[in-house]
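Taking it in order: structure first as structure tokens, then the write-up.
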Amino acid sequence: MKLKRTMALMLTVAMAASLAACGNSEGSGSASADTTAESAGDTAAASDDASTAGDTAAADDSAAADDGTSAAAGNYNVTWDDIVDIDMMYLATSTIPAGLQDVEDAINEITENEINVHVNLEMVETGSYAQQVSLRMASSEPMDLLLTMPMDAASFTTMQTQNQLMDITDLLDEYGTDIKEILGDKLKGTSADGRVYGVPGNRTYVASTWIIMRTDVLEDLGLLEKAQNMTSLAEYEEILEAVKNSDKWGNLAGIVSSDGFGNCLGINPGYLATDTFAEATCYDSLGDNNNVISINPDGSDTTIRNNYETEEFQAVVEKMREWYNKGYVYKDTATNGEMAETMVQSGVAFSYLGNCEEGVETLKSAACGMPMTCVPIITYPVTTSSLTKFVWTIPNSAKEPEAAMTFLDMMFTDSRIANLLAWGIEGRDYEVVDGQANYVNGEEGAYHSDDFLFGNQFITLPWYGDGADFRERCQEVEEQGGVSAYLGFACDTSSITNEIGAVTNVIAEYKAQIQTGAGDESAYTDFVQKLKDNGVDKIIECYQTQLNEWLEQQ
């Protein structure tokens, strides 16, 4: 089901210890039936309609943001006469959809006629994606377009530092001019030494941390208005206390881990254990997936700190220990491995904290299977880490890099391609209702993916429930959001791989204990000392040295 797809992706992102975004996909949490294959006749009929897939989407492009363009709007530079094949690999955030071949056929009806390219789509399930990427890169198997994900061998940072990705600077100049115009400075996030190695999606990157609570519980206890107007953790604690003492709702855990790995109040990149929400601050991890690196993103102080030694992080640890001892925290949250949405849906949890963008209540209500009330704590600036989660790349093993870049340019400019990749074939997998994509008769079709994975989210139909003007609202938020002073900095970590590996193991051993409050007071002290014993200071020194050099060149 669609919920399972979303949970799988969120779990993977959490495992990477990166900013746990809510998926950036309006459709990724919508309730649905299990995906089933259509009958042979239905599939054939859908294939007959493939050539017109996206026509309605194109007609409804007025609902998209201004920086998106309509169908066939790109000015593509096709410098080859015959049709060439490109291989494209990307995530299937649930099982491989039965209708993948039909979507591929529909795309190729467009691309073969307009850019002389035949696209071979390959989806790989999230759980095995990093392993498959590692195997493909090790064997130099031809791959023309590859989507990175923030985990292990499939992460953009890892692949770039291991020289597995092609320098696409010149390709962008010749075949990706639309991408350059649309993304602008965002390409700095996927650059190193002034050269570009990947293309981030054009999507909503400005995210906030939210307190996400069951609306029915709040209404029943007469606390809905109080929750909606919260401005401090003290007010949140009062609500947690009321839930705990309720005869009807006292069986619910007040707060659970957002990701199954212990992140409750310690939601990266926020420092949230402050008296009021207005006092909450944040840090830029400079692309460090372990979140060891901490620097003020406003550029006022260029000193890098060990995040886990900061007073702000210690305050989070102390607050969680306090909440745990008061009985607000689910007792097994450090070890149970369940996603928060699953815990809410199964009647175990009342609330949790999480990161998400515009449209949070629609997404979280769908993911949790019930109405959820969401209250923002802090909004974060766009950082390099934000931009390098899901990046389209051309590996060094690519056999047709020019054609790959041309098709990528099409993904950014052609709403027919965007909607096919995200939602499938119109009339079978989705229909357009009031300027939004929705399941046909409420049943999930033979293909469905997530719109944030592909090129330009702003030319893709919004999912039903967010409103036809959702993309415009997202664009307004994006334009108002800040940008880290260090956007574009990338650290070469090749000299500290041993230290990073050792520190990763220490974090895996201790972080859940201290971030849920389950560990005793000595756990935090031991954690910090073990980080030092395993080379955390060398990691910080490496980042600081390279940052200083980068700043001198700006």
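Identifiers in this document derive from the order of the structure tokens: chains are assigned A, B, ..., residues are numbered from 1 separately in each chain, and ligands are numbered from 1 in order of occurrence.
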
Rows by chain and residue number, region 447-534 of chain A within 12 Å of region 114-133 of chain A, shortest pair, only C-alpha atoms, as a tab-separated table:
residue	atom	partner	partner_atom	distance
A:Tyr447	CA	A:Met123	CA	11.4
A:His448	CA	A:Met123	CA	11.7
A:Ser449	CA	A:Met123	CA	10.1
A:Leu453	CA	A:Met123	CA	12.0

### Message
Give me, as a ChimeraX atom specification, all polymer residues having an atom no more than 6 Å from region 432-442 of chain A, counting only C-alpha atoms and skipping those fewer than 4 positions away in the same chain.
### Response
/A:60,461-464,468

### Task
Enumerate, as a PyMOL selection string, the complete set of residues in region 247-337 of chain A that a backbone-based DSSP assignment places in alpha helix (DSSP H).
chain A and resi 311-326

### Message
So that I can check the surroundings of Ile255 (chain A), please list as an MDAnalysis selection string every protein, DNA and RNA residue that reaches within 7 Å of it, counting only C-alpha atoms and ignoring chain neighbours fewer than 5 positions away.
### Response
chainID A and resid 328:330 349:352

### Task
Would you please give, as a PyMOL selection string, all residues of region 351-522 of chain A that DSSP assigns to strand (DSSP E) based on the backbone?
chain A and resi 351-356+372-379+391-393+431-433+436-438

I'd like the contact shell of Lys399 (chain A) - 10 Å cut-off, only C-alpha atoms, skipping same-chain residues fewer than 6 positions apart - returned as a short mmCIF file (atom, residue, chain, number, x, y, z; two decimals) with C-alpha atoms, in the first residue's frame.
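Written output follows (selection.cif):
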data_model
loop_
_atom_site.label_atom_id
_atom_site.label_comp_id
_atom_site.auth_asym_id
_atom_site.auth_seq_id
_atom_site.Cartn_x
_atom_site.Cartn_y
_atom_site.Cartn_z
CA VAL A 84 19.78 5.68 -28.57
CA ASP A 85 19.04 3.65 -25.46
CA ILE A 86 19.66 4.91 -21.94
CA ASP A 87 19.35 2.93 -18.70
CA GLU A 141 27.89 -1.97 -15.32
CA PRO A 142 26.59 0.60 -17.83
CA MET A 143 24.18 3.03 -16.20
CA ASP A 144 23.21 6.36 -17.75
#

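Minimum distance to Thr161 (chain A) across A:Ala278, A:Pro395, A:Cys491, A:Ile540 (counting only C-alpha atoms) occurs at A:Cys491.
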
### Message
Need to verify the contact set: region 204-213 of chain A, 6 Å, only C-alpha atoms, exclusion of same-chain residues closer than 3 positions in sequence. Can you return it as a list of chain:residue names?
### Response
A:Phe350, A:Ser351, A:Tyr352, A:Leu353, A:Gly354, A:Asn355, A:Cys356, A:Glu357, A:Met372, A:Thr373, A:Cys374, A:Val375, A:Pro376, A:Ile377, A:Ile378, A:Thr379, A:Tyr380, A:Val382, A:Glu478, A:Gly481

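Proximity ranking of A:Ser294, A:Thr215, A:Thr177, A:Asn498 relative to Tyr543 (chain A) places A:Ser294 first, based on only C-alpha atoms.
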
### Query
What is the distance, in Å and to one decimal place, between CA of Glu541 (chain A) and CA of Asn291 (chain A)?
14.8 Å
